[in-house]
Structures are given as C-alpha cells and as structure tokens.
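Here is the structure we will look at, set down as structure tokens.
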Amino acid sequence: MGDWVSIIGPMFAAAIVVGGGAMAYRWQKTIDRRTALIELRRKAYQRYLAAFVSVTNTPDAIAEISLELFQCEFHLLIVASDEVVKHVGTLRKFYLDTNDDRMNRNTEITRQLIANVCQAMREDCFEESNLAMDEYQKLVPIG
C-alpha cells in the first residue's frame with residue numbers, strides 16, 4: 001500500500017501544479033485579448049471621430065473624406081461594442097436624413113447624438129463614465 005501512495009502522491013501534486021498553471025495561462029491570455037481589443041477599439045474610435053469631424057468641418061474634398069468616414073464606420077461594425085454601433089448608426093441616419101439642408105441641422109439634436117456616441121465609446125473603453133450628458137455636450141466641437 002505504501003508503494004502506491006509514494007507513486008500517486010507526487011503524480012497528484014504534479015497534476016495540481018499543471019492544472020493550476022494551465023488555468024493561470026488561460027486567464028492571462030483572456031486578459032491579454034481583452035486589453036488588445038480595447039486598444040484596437042480606442043484607435044478605431046479615434047479614427048472615426050477624426051473622420052467625422054473632417055466631414056462636418058471641411059466642405060472641400062468631401063468625396064475623399066466621406067470615403068474615409070465610410071471606411072471607419074465599416075471598421076466599427078467589426079470592432080465596436082453593440083452600443084457604439086447603435087449610436088453611430090443613429091447619428092449616420094440623422095446626417096443622411098438632413099444632408100439636403102446640412103447647414104440648418106438642429107444643433108441640439110446634433111450635439112445629443114454626438115454626445116451619445118462619445119459616451120458609448122468612453123463606457124466601452126473605460127468600462128464606465130461618470131460624466132453627465134450635459135458635460136459631453138459641452139465638449140462636442142460640432143453644432
């Protein structure tokens with residue numbers, strides 16, 4: 001009986017060490033993937049916002065800028081959170097619906113929609129945001 005214990009004891013200890021190591025490795029890989037995704041999203045959000053501001057502030061070269069915005073929106077479909085995609089879609093629809101009279105867009109609606117996008121992006125990248133909606137709207141550079 002003693003021979004079995006001397007054989008099984010170390011094997012059991014080794015199995016615990018290997019299992020614990022595998023769990024720790026898996027946990028670290030999950031954290032690494034999440035960190036990489038957040039960084040990818042941050043870059044995509046920055047690129048989208050820069051393209052959006054360019055489209056709204058630059059009447060010249062609108063075709064090239066619109067293409068950049070379209071590409072950014074398409075990229076967001078892949079990497080952005082569901083909430084960000086919904087808000088970007090709502091903002092895009094508003095801009096398309098009001099494009100014929102874009103110089104007379106409702107400023108309050110515009111600021112609200114842009115603030116919604118920014119809030120969703122911040123909550124996605126930083127997991128929460130304690131800013132009130134009016135604080136977002138104050139910083140919106142459009143409208």
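By convention in this document, the chains of the structure tokens carry letters A, B, ... by their order, each chain's residues are numbered from 1, and ligands are numbered from 1 in the order they are shown.
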
Filtered DSSP result for region 38-130 of chain A, state alpha helix (DSSP H), as a ChimeraX atom specification:
/A:38-57,62-79,82-97,107-126

For the selection just defined, write its residues with C-alpha atoms to a file, as an mmCIF file, in the first residue's frame.
```cif
data_model
loop_
_atom_site.group_PDB
_atom_site.id
_atom_site.type_symbol
_atom_site.label_atom_id
_atom_site.label_comp_id
_atom_site.auth_asym_id
_atom_site.auth_seq_id
_atom_site.Cartn_x
_atom_site.Cartn_y
_atom_site.Cartn_z
ATOM 1 C CA ILE A 38 -9.782 47.683 -26.017
ATOM 2 C CA GLU A 39 -6.692 49.220 -27.628
ATOM 3 C CA LEU A 40 -7.972 48.306 -31.097
ATOM 4 C CA ARG A 41 -11.330 49.900 -30.261
ATOM 5 C CA ARG A 42 -9.701 53.065 -28.917
ATOM 6 C CA LYS A 43 -7.774 53.507 -32.158
ATOM 7 C CA ALA A 44 -10.880 52.805 -34.258
ATOM 8 C CA TYR A 45 -12.903 55.297 -32.207
ATOM 9 C CA GLN A 46 -10.227 57.979 -32.560
ATOM 10 C CA ARG A 47 -10.031 57.413 -36.305
ATOM 11 C CA TYR A 48 -13.821 57.527 -36.668
ATOM 12 C CA LEU A 49 -14.170 60.732 -34.654
ATOM 13 C CA ALA A 50 -11.384 62.415 -36.630
ATOM 14 C CA ALA A 51 -13.057 61.434 -39.923
ATOM 15 C CA PHE A 52 -16.453 62.570 -38.639
ATOM 16 C CA VAL A 53 -15.108 65.980 -37.617
ATOM 17 C CA SER A 54 -13.386 66.305 -41.007
ATOM 18 C CA VAL A 55 -16.609 65.579 -42.873
ATOM 19 C CA THR A 56 -18.583 68.100 -40.869
ATOM 20 C CA ASN A 57 -15.943 70.844 -40.960
ATOM 21 C CA ILE A 62 -15.756 65.872 -49.388
ATOM 22 C CA ALA A 63 -15.589 62.721 -51.549
ATOM 23 C CA GLU A 64 -12.255 61.558 -50.093
ATOM 24 C CA ILE A 65 -13.261 62.475 -46.554
ATOM 25 C CA SER A 66 -16.638 60.754 -46.927
ATOM 26 C CA LEU A 67 -14.857 57.621 -48.111
ATOM 27 C CA GLU A 68 -12.635 57.714 -45.005
ATOM 28 C CA LEU A 69 -15.710 58.102 -42.778
ATOM 29 C CA PHE A 70 -17.449 55.227 -44.554
ATOM 30 C CA GLN A 71 -14.387 53.008 -44.080
ATOM 31 C CA CYS A 72 -14.247 53.954 -40.396
ATOM 32 C CA GLU A 73 -17.931 53.129 -39.927
ATOM 33 C CA PHE A 74 -17.427 49.792 -41.645
ATOM 34 C CA HIS A 75 -14.470 49.042 -39.366
ATOM 35 C CA LEU A 76 -16.613 49.908 -36.333
ATOM 36 C CA LEU A 77 -19.090 47.214 -37.376
ATOM 37 C CA ILE A 78 -16.334 44.696 -36.701
ATOM 38 C CA VAL A 79 -14.591 46.010 -33.584
ATOM 39 C CA ASP A 82 -23.048 46.882 -29.857
ATOM 40 C CA GLU A 83 -23.923 50.096 -28.044
ATOM 41 C CA VAL A 84 -21.395 52.129 -30.044
ATOM 42 C CA VAL A 85 -22.608 50.626 -33.335
ATOM 43 C CA LYS A 86 -26.215 51.558 -32.463
ATOM 44 C CA HIS A 87 -25.319 55.166 -31.645
ATOM 45 C CA VAL A 88 -23.079 55.581 -34.696
ATOM 46 C CA GLY A 89 -25.899 54.184 -36.851
ATOM 47 C CA THR A 90 -28.389 56.641 -35.366
ATOM 48 C CA LEU A 91 -26.002 59.545 -35.956
ATOM 49 C CA ARG A 92 -25.326 58.394 -39.527
ATOM 50 C CA LYS A 93 -29.052 58.126 -40.267
ATOM 51 C CA PHE A 94 -29.656 61.624 -38.880
ATOM 52 C CA TYR A 95 -26.865 63.058 -41.042
ATOM 53 C CA LEU A 96 -28.150 61.274 -44.155
ATOM 54 C CA ASP A 97 -31.738 62.370 -43.483
ATOM 55 C CA THR A 107 -27.883 71.884 -33.209
ATOM 56 C CA GLU A 108 -29.386 70.341 -30.083
ATOM 57 C CA ILE A 109 -30.159 67.044 -31.793
ATOM 58 C CA THR A 110 -26.702 67.008 -33.390
ATOM 59 C CA ARG A 111 -24.960 67.614 -30.060
ATOM 60 C CA GLN A 112 -27.106 64.979 -28.341
ATOM 61 C CA LEU A 113 -26.361 62.319 -30.953
ATOM 62 C CA ILE A 114 -22.632 63.030 -30.971
ATOM 63 C CA ALA A 115 -22.573 63.045 -27.171
ATOM 64 C CA ASN A 116 -24.350 59.656 -27.174
ATOM 65 C CA VAL A 117 -21.640 58.241 -29.463
ATOM 66 C CA CYS A 118 -18.841 59.650 -27.288
ATOM 67 C CA GLN A 119 -20.433 58.387 -24.083
ATOM 68 C CA ALA A 120 -20.853 54.877 -25.515
ATOM 69 C CA MET A 121 -17.228 54.889 -26.681
ATOM 70 C CA ARG A 122 -15.939 56.005 -23.282
ATOM 71 C CA GLU A 123 -18.037 53.426 -21.462
ATOM 72 C CA ASP A 124 -16.739 50.761 -23.814
ATOM 73 C CA CYS A 125 -13.065 51.681 -23.439
ATOM 74 C CA PHE A 126 -13.102 52.603 -19.761
#
```

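Between CA of Ala80 (chain A) and CA of Trp27 (chain A) there is a distance of 22.9 Å.
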
Please indicate the distance in Å from CA of Arg34 (chain A) to CA of Ser81 (chain A), rounded to one decimal place.
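Interatomic distance here is 12.5 Å.
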